[in-house]
Each structure stands twice: as structure tokens, then as C-alpha cells.
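A.B. asks: Structure below; questions to follow.
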Amino acid sequence: MTYDDCAERPQTGWDMHCHTVFSDGTETPEELVRQAKAMQLLGVAITDHDTTSGWVPAQRAAERLGLPLLRGTEITAEFDRTSVHMLAYQYDPNSPHIASMFARTRDGRVRRAKIMVERLSEDFPITWDDVLDQVKEGSRTTIGRPHIADALVAAGVYDTRSEAFQGAVNGRSKYYVPTASPTALEVVDAVREAGGVSVVAHPADTSRNRVLLSDEQIHALVDEGLDGLEVWHRGNAPAQRLRLLALAQRYGLLTTGGSDWHGKGKPNLLGENVTDPETVARIIERGAIDPINPSGASSLD
């Protein structure tokens with residue numbers, strides 16, 4: 001079975017998984033919106049890691065360029081030592097639970113990154129200041145492994161970020177340090193409390209985890225209030241996409257798609273996977289905040 005053999009895969013719609021300079025992307029929110037508009041996507045969602053810092057510039061760009069926008073975040077979590085990323089959409093950013101969770105995770109990311117750089121500096125010409133040189137938005141940026149990778153590229157150790165991720169900053173290298181993260185169950189609870197919609201990001205991507213979330217773990221997340229699964233993602237193999245579609249049908253979950261775009265930071269192409277407008281409308285209906293809809297576009301109906 002090839003990538004396109006799953007007939008349910010949307011061909012037009014919204015790219016619901018995009019990163020900017022406010023986490024580990026290489027482009028500004030305005031550039032994200034500009035490119036999405038040029039590609040004639042129906043809309044786009046900003047989902048930087050563990051932060052809402054890019055929401056305001058993304059909103060300004062969407063209003064200026066006339067493209068519908070959803071606001072979200074990719075939240076780092078774990079479930080029984082399995083790394084899990086959760087996409088949270090249209091939640092109230094002032095919710096105390098979710099705000100404190102982000103603050104803890106971002107602090108943990110910095111501590112983890114410093115330890116990794118200390119380990120790497122024993123074998124490579126890299127310092128913490130070199131990593132900070134790769135951070136585009138200062139303290140508003142969520143620092144992570146991509147910034148370490150970029151510092152290694154700047155030092156001439158690797159030619160690209162992707163090569164660095166295949167090498168020294170790989171999750172299985174001797175330099176790797178896991179991020180202290182909330183549990184996936186806590187994340188689902190916090191997003192629900194904030195009036196948002198929670199979706200498991202790339203739940204079947206074996207390049208991220210040797211052990212994937214089991215059917216039983218997904219069931220546990222559903223019991224906690226999980227809304228959906230990101231089925232249409234390049235990291236989910238065809239057989240796993242069929243498994244995820246079956247689980248979504250069984251539990252009445254939303255199925256979303258997104259590119260996991262990082263600009264020049266990854267080979268993922270903006271719009272390579274999308275979410276159909278009917279599913280986006282259901283996310284909007286469930287969310288606590290209004291979408292940015294500059295022209296009253298029918299794609300939000």
C-alpha cells in the first residue's frame with residue numbers, strides 16, 4: 001500500500017501542524033501565513049512547541065493577508081515512558097493549569113538542552129552561547145534540540161539540521177537527555193479545562209519512538225477526554241494509518257492532518273497533509289476561542 005492508497009486522505013483543506021521561529025521553525029508566523037495563502041490552503045494552524053508566543057503575530061498576519069487561522073500548541077508529554085506530543089487547539093491561553101504546565105516544560109527544556117550541550121562540548125566545538133545564537137525570538141522562543149542541531153551546523157560539524165538529527169542530537173545518541181514532561185493524561189485534562197481540543201500528534205511515527213502508543217493507551221486518553229488523532233502525517237506508515245482510522249471510528253474521534261512544517265528546518269512541505277474543512281469546523285465548534293476569519297470565509301462554516 002502506498003501513501004496515497006488510503007482513500008480518506010483529504011486532498012484540500014487546512015494544514016493543522018506548523019511551527020515558526022517561536023519554537024523550532026525557521027520562518028516567522030507572517031511567512032507561514034504568506035506561504036499558506038500562496039498555496040491556496042483553506043487555512044492554517046500555528047502549533048509551536050509549549051508556547052503561545054507566536055499567536056499574536058500570526059493573528060496580525062492572518063488579518064493582514066486574509067487567511068483563516070486557528071491557534072494551537074504542540075505540547076510535549078509522556079505516557080509510561082513513551083514520548084507523546086499533543087496538539088491543542090483553540091484553548092483559552094489564560095487558563096492557569098495550562099500556563100503553569102507550559103512554564104514548567106519550557107524550564108525543563110532549557111535545563112535539558114544545557115546538559116546536552118555540556119555533553120556535546122566534550123566532543124564537538126559547541127557552547128551554550130552558540131545555541132543561543134540560533135534562537136530567533138529570545139526568551140519567547142521554546143528552546144529545543146533543533147537549536148542545538150543548528151549550532152552544530154553553524155560550527156561545521158554537519159551540513160544540515162536533518163544530518164545533525166541523524167547523528168549527535170538523535171534520541172538514541174549518547175548525548176541525548178529526555179525532556180521532563182507532564183503525562184499525556186494531564187495534558188488532555190489541562191486542554192479540556194482550558195476549553196480546547198486535544199489531538200495526539202503523529203501517534204504512529206516509529207522514527208520518534210521504538211514503542212508506539214498502544215490501543216489501550218489511546219483508549220485511556222479517550223476516557224480522559226481526548227478529541228482526536230493526527231492520522232495524516234508523513235511519519236505514520238500506511239498500515240498504522242488504517243489502525244488509527246479504525247480507532248477513531250471506534251471511539252468517535254476527529255482525524256486530522258498536518259505537515260509538521262518547520263520551514264527550512266525539516267524536509268516536510270507545507271500543505272503536504274491537510275485536514276478537511278468539516279473536521280476544522282468541529283474543532284472550532286468545540287473550542288473556547290474564536291478562529292481568526294478575516295473575510296468571513298465559508299471554509300469556517
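Starting from 1 in every chain, residues are counted up; chains themselves are A, B, ... following the order of the C-alpha cells, and ligands are numbered from 1 as listed.
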How would you write, as a PDB file with all heavy atoms, in the first residue's frame, the set of residues in stretch 120-237 of chain A that DSSP gives as strand (DSSP E)?
C.D. replies:
```pdb
ATOM      1  N   VAL A 197      -9.277  21.713  22.281  1.00  0.00           N
ATOM      2  CA  VAL A 197      -9.430  20.433  21.588  1.00  0.00           C
ATOM      3  C   VAL A 197      -8.067  19.752  21.542  1.00  0.00           C
ATOM      4  O   VAL A 197      -7.083  20.352  21.091  1.00  0.00           O
ATOM      5  CB  VAL A 197      -9.960  20.652  20.158  1.00  0.00           C
ATOM      6  CG1 VAL A 197     -10.049  19.342  19.399  1.00  0.00           C
ATOM      7  CG2 VAL A 197     -11.326  21.348  20.202  1.00  0.00           C
ATOM      8  N   SER A 198      -7.991  18.510  22.001  1.00  0.00           N
ATOM      9  CA  SER A 198      -6.718  17.802  22.068  1.00  0.00           C
ATOM     10  C   SER A 198      -6.653  16.697  21.024  1.00  0.00           C
ATOM     11  O   SER A 198      -7.600  15.931  20.839  1.00  0.00           O
ATOM     12  CB  SER A 198      -6.498  17.212  23.462  1.00  0.00           C
ATOM     13  OG  SER A 198      -7.530  16.304  23.795  1.00  0.00           O
ATOM     14  N   VAL A 199      -5.505  16.611  20.359  1.00  0.00           N
ATOM     15  CA  VAL A 199      -5.268  15.630  19.301  1.00  0.00           C
ATOM     16  C   VAL A 199      -3.859  15.062  19.502  1.00  0.00           C
ATOM     17  O   VAL A 199      -2.907  15.827  19.707  1.00  0.00           O
ATOM     18  CB  VAL A 199      -5.365  16.291  17.907  1.00  0.00           C
ATOM     19  CG1 VAL A 199      -4.973  15.311  16.808  1.00  0.00           C
ATOM     20  CG2 VAL A 199      -6.769  16.841  17.667  1.00  0.00           C
ATOM     21  N   VAL A 200      -3.704  13.748  19.426  1.00  0.00           N
ATOM     22  CA  VAL A 200      -2.370  13.159  19.519  1.00  0.00           C
ATOM     23  C   VAL A 200      -1.635  13.397  18.203  1.00  0.00           C
ATOM     24  O   VAL A 200      -2.115  13.012  17.137  1.00  0.00           O
ATOM     25  CB  VAL A 200      -2.424  11.650  19.804  1.00  0.00           C
ATOM     26  CG1 VAL A 200      -0.997  11.101  19.963  1.00  0.00           C
ATOM     27  CG2 VAL A 200      -3.218  11.349  21.059  1.00  0.00           C
ATOM     28  N   GLY A 228      -9.038  13.740  19.326  1.00  0.00           N
ATOM     29  CA  GLY A 228      -8.695  13.261  18.000  1.00  0.00           C
ATOM     30  C   GLY A 228      -7.300  12.693  17.864  1.00  0.00           C
ATOM     31  O   GLY A 228      -6.481  12.721  18.793  1.00  0.00           O
ATOM     32  N   LEU A 229      -7.030  12.170  16.654  1.00  0.00           N
ATOM     33  CA  LEU A 229      -5.735  11.605  16.291  1.00  0.00           C
ATOM     34  C   LEU A 229      -5.264  12.256  14.989  1.00  0.00           C
ATOM     35  O   LEU A 229      -6.045  12.425  14.053  1.00  0.00           O
ATOM     36  CB  LEU A 229      -5.849  10.091  16.067  1.00  0.00           C
ATOM     37  CG  LEU A 229      -6.317   9.240  17.250  1.00  0.00           C
ATOM     38  CD1 LEU A 229      -6.590   7.806  16.781  1.00  0.00           C
ATOM     39  CD2 LEU A 229      -5.276   9.246  18.363  1.00  0.00           C
ATOM     40  N   GLU A 230      -3.986  12.610  14.945  1.00  0.00           N
ATOM     41  CA  GLU A 230      -3.406  13.121  13.708  1.00  0.00           C
ATOM     42  C   GLU A 230      -3.042  11.915  12.837  1.00  0.00           C
ATOM     43  O   GLU A 230      -1.972  11.322  12.993  1.00  0.00           O
ATOM     44  CB  GLU A 230      -2.178  13.981  14.000  1.00  0.00           C
ATOM     45  CG  GLU A 230      -1.621  14.644  12.746  1.00  0.00           C
ATOM     46  CD  GLU A 230      -0.367  15.449  13.040  1.00  0.00           C
ATOM     47  OE1 GLU A 230       0.531  14.948  13.752  1.00  0.00           O
ATOM     48  OE2 GLU A 230      -0.279  16.594  12.542  1.00  0.00           O
ATOM     49  N   VAL A 231      -3.929  11.563  11.944  1.00  0.00           N
ATOM     50  CA  VAL A 231      -3.744  10.393  11.081  1.00  0.00           C
ATOM     51  C   VAL A 231      -2.852  10.724   9.890  1.00  0.00           C
ATOM     52  O   VAL A 231      -1.957   9.960   9.520  1.00  0.00           O
ATOM     53  CB  VAL A 231      -5.109   9.867  10.595  1.00  0.00           C
ATOM     54  CG1 VAL A 231      -4.926   8.741   9.581  1.00  0.00           C
ATOM     55  CG2 VAL A 231      -5.950   9.398  11.778  1.00  0.00           C
ATOM     56  N   TRP A 232      -3.091  11.893   9.288  1.00  0.00           N
ATOM     57  CA  TRP A 232      -2.422  12.251   8.042  1.00  0.00           C
ATOM     58  C   TRP A 232      -1.143  13.018   8.347  1.00  0.00           C
ATOM     59  O   TRP A 232      -1.110  14.243   8.410  1.00  0.00           O
ATOM     60  CB  TRP A 232      -3.370  13.044   7.151  1.00  0.00           C
ATOM     61  CG  TRP A 232      -4.728  12.416   7.093  1.00  0.00           C
ATOM     62  CD1 TRP A 232      -5.901  12.909   7.599  1.00  0.00           C
ATOM     63  CD2 TRP A 232      -5.055  11.136   6.553  1.00  0.00           C
ATOM     64  NE1 TRP A 232      -6.917  12.029   7.392  1.00  0.00           N
ATOM     65  CE2 TRP A 232      -6.438  10.918   6.753  1.00  0.00           C
ATOM     66  CE3 TRP A 232      -4.314  10.142   5.909  1.00  0.00           C
ATOM     67  CZ2 TRP A 232      -7.085   9.770   6.347  1.00  0.00           C
ATOM     68  CZ3 TRP A 232      -4.961   8.991   5.500  1.00  0.00           C
ATOM     69  CH2 TRP A 232      -6.328   8.822   5.704  1.00  0.00           C
TER      70      TRP A 232
END
```
A.B. asks: Write out as an MDAnalysis selection string all residues of stretch 101-254 of chain A that DSSP puts in alpha helix (DSSP H) for this structure's backbone.
C.D. replies: chainID A and resid 101:120 128:132 145:154 161:166 184:193 215:224 238:251
A.B. asks: Using only C-alpha atoms, determine which residues lie at most 6 Å from stretch 258-268 of chain A, disregarding the query and same-chain residues fewer than 6 positions distant; provide the list as a PyMOL selection string.
C.D. replies: chain A and resi 15-19+25-27+233+274
A.B. asks: Could you please take those selected residues and save all heavy atoms as a PDB file, in the first residue's frame?
C.D. replies:
```
ATOM      1  N   ASP A  15      -3.757  23.080   6.798  1.00  0.00           N
ATOM      2  CA  ASP A  15      -2.571  22.473   7.403  1.00  0.00           C
ATOM      3  C   ASP A  15      -2.620  22.807   8.893  1.00  0.00           C
ATOM      4  O   ASP A  15      -2.488  23.968   9.290  1.00  0.00           O
ATOM      5  CB  ASP A  15      -1.293  23.020   6.766  1.00  0.00           C
ATOM      6  CG  ASP A  15      -0.067  22.206   7.166  1.00  0.00           C
ATOM      7  OD1 ASP A  15      -0.067  21.616   8.264  1.00  0.00           O
ATOM      8  OD2 ASP A  15       0.890  22.162   6.370  1.00  0.00           O
ATOM      9  N   MET A  16      -2.801  21.771   9.706  1.00  0.00           N
ATOM     10  CA  MET A  16      -3.075  21.969  11.133  1.00  0.00           C
ATOM     11  C   MET A  16      -1.879  21.696  12.035  1.00  0.00           C
ATOM     12  O   MET A  16      -2.033  21.523  13.242  1.00  0.00           O
ATOM     13  CB  MET A  16      -4.238  21.062  11.534  1.00  0.00           C
ATOM     14  CG  MET A  16      -5.560  21.425  10.875  1.00  0.00           C
ATOM     15  SD  MET A  16      -6.249  22.948  11.522  1.00  0.00           S
ATOM     16  CE  MET A  16      -6.887  22.353  13.097  1.00  0.00           C
ATOM     17  N   HIS A  17      -0.660  21.680  11.453  1.00  0.00           N
ATOM     18  CA  HIS A  17       0.510  21.367  12.277  1.00  0.00           C
ATOM     19  C   HIS A  17       1.717  22.108  11.697  1.00  0.00           C
ATOM     20  O   HIS A  17       2.407  21.602  10.818  1.00  0.00           O
ATOM     21  CB  HIS A  17       0.733  19.852  12.274  1.00  0.00           C
ATOM     22  CG  HIS A  17       1.766  19.381  13.255  1.00  0.00           C
ATOM     23  ND1 HIS A  17       1.882  18.054  13.612  1.00  0.00           N
ATOM     24  CD2 HIS A  17       2.718  20.033  13.953  1.00  0.00           C
ATOM     25  CE1 HIS A  17       2.857  17.915  14.481  1.00  0.00           C
ATOM     26  NE2 HIS A  17       3.391  19.109  14.701  1.00  0.00           N
ATOM     27  N   CYS A  18       1.970  23.326  12.218  1.00  0.00           N
ATOM     28  CA  CYS A  18       3.023  24.181  11.670  1.00  0.00           C
ATOM     29  C   CYS A  18       3.794  24.880  12.782  1.00  0.00           C
ATOM     30  O   CYS A  18       3.204  25.330  13.776  1.00  0.00           O
ATOM     31  CB  CYS A  18       2.422  25.235  10.734  1.00  0.00           C
ATOM     32  SG  CYS A  18       1.466  24.561   9.373  1.00  0.00           S
ATOM     33  N   HIS A  19       5.106  25.004  12.582  1.00  0.00           N
ATOM     34  CA  HIS A  19       5.991  25.619  13.571  1.00  0.00           C
ATOM     35  C   HIS A  19       6.690  26.839  13.002  1.00  0.00           C
ATOM     36  O   HIS A  19       6.972  26.904  11.797  1.00  0.00           O
ATOM     37  CB  HIS A  19       7.029  24.604  14.042  1.00  0.00           C
ATOM     38  CG  HIS A  19       6.438  23.389  14.681  1.00  0.00           C
ATOM     39  ND1 HIS A  19       6.133  23.334  16.018  1.00  0.00           N
ATOM     40  CD2 HIS A  19       6.063  22.196  14.161  1.00  0.00           C
ATOM     41  CE1 HIS A  19       5.603  22.145  16.300  1.00  0.00           C
ATOM     42  NE2 HIS A  19       5.548  21.436  15.181  1.00  0.00           N
ATOM     43  N   GLY A  25      10.918  26.264  14.373  1.00  0.00           N
ATOM     44  CA  GLY A  25      10.815  26.561  12.948  1.00  0.00           C
ATOM     45  C   GLY A  25      11.815  27.624  12.547  1.00  0.00           C
ATOM     46  O   GLY A  25      12.395  28.310  13.394  1.00  0.00           O
ATOM     47  N   THR A  26      12.003  27.765  11.248  1.00  0.00           N
ATOM     48  CA  THR A  26      12.970  28.747  10.745  1.00  0.00           C
ATOM     49  C   THR A  26      12.319  30.011  10.198  1.00  0.00           C
ATOM     50  O   THR A  26      13.024  30.969   9.878  1.00  0.00           O
ATOM     51  CB  THR A  26      13.831  28.127   9.621  1.00  0.00           C
ATOM     52  OG1 THR A  26      12.982  27.761   8.525  1.00  0.00           O
ATOM     53  CG2 THR A  26      14.577  26.900  10.111  1.00  0.00           C
ATOM     54  N   GLU A  27      10.971  30.022  10.094  1.00  0.00           N
ATOM     55  CA  GLU A  27      10.287  31.158   9.485  1.00  0.00           C
ATOM     56  C   GLU A  27       9.366  31.846  10.501  1.00  0.00           C
ATOM     57  O   GLU A  27       8.928  31.235  11.474  1.00  0.00           O
ATOM     58  CB  GLU A  27       9.460  30.704   8.274  1.00  0.00           C
ATOM     59  CG  GLU A  27      10.236  29.892   7.250  1.00  0.00           C
ATOM     60  CD  GLU A  27      11.386  30.662   6.627  1.00  0.00           C
ATOM     61  OE1 GLU A  27      11.290  31.902   6.544  1.00  0.00           O
ATOM     62  OE2 GLU A  27      12.372  30.020   6.220  1.00  0.00           O
ATOM     63  N   HIS A 233      -0.067  12.259   8.549  1.00  0.00           N
ATOM     64  CA  HIS A 233       1.258  12.789   8.866  1.00  0.00           C
ATOM     65  C   HIS A 233       2.271  11.861   8.225  1.00  0.00           C
ATOM     66  O   HIS A 233       2.103  10.637   8.231  1.00  0.00           O
ATOM     67  CB  HIS A 233       1.462  12.833  10.388  1.00  0.00           C
ATOM     68  CG  HIS A 233       2.771  13.441  10.817  1.00  0.00           C
ATOM     69  ND1 HIS A 233       3.970  12.768  10.747  1.00  0.00           N
ATOM     70  CD2 HIS A 233       3.060  14.666  11.331  1.00  0.00           C
ATOM     71  CE1 HIS A 233       4.941  13.543  11.196  1.00  0.00           C
ATOM     72  NE2 HIS A 233       4.417  14.701  11.545  1.00  0.00           N
ATOM     73  N   VAL A 274      -3.274  17.602   5.023  1.00  0.00           N
ATOM     74  CA  VAL A 274      -4.232  18.620   5.453  1.00  0.00           C
ATOM     75  C   VAL A 274      -5.409  17.976   6.180  1.00  0.00           C
ATOM     76  O   VAL A 274      -5.597  16.764   6.150  1.00  0.00           O
ATOM     77  CB  VAL A 274      -4.744  19.464   4.262  1.00  0.00           C
ATOM     78  CG1 VAL A 274      -3.617  20.272   3.650  1.00  0.00           C
ATOM     79  CG2 VAL A 274      -5.418  18.574   3.219  1.00  0.00           C
TER      80      VAL A 274
END
```
A.B. asks: In Å to one decimal, how far is atom CA of A:Gly144 from atom CA of A:Ala288?
C.D. replies: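 Between these atoms lies a distance of 28.7 Å.
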A.B. asks: Using only C-alpha atoms, which of the listed residues (A:Thr255, A:Gln35, A:Ser295, A:Thr183) sits closest to A:Ile75?
C.D. replies: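 Looking only at the distances to A:Ile75, the closest residue turns out to be A:Thr183.
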A.B. asks: Of the candidates A:Glu30, A:Glu78, A:Asp133, A:Asp107, which shows the shortest atom-to-atom distance to A:Arg60, using only C-alpha atoms?
C.D. replies: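 The answer is A:Glu30, which sits nearest to A:Arg60.
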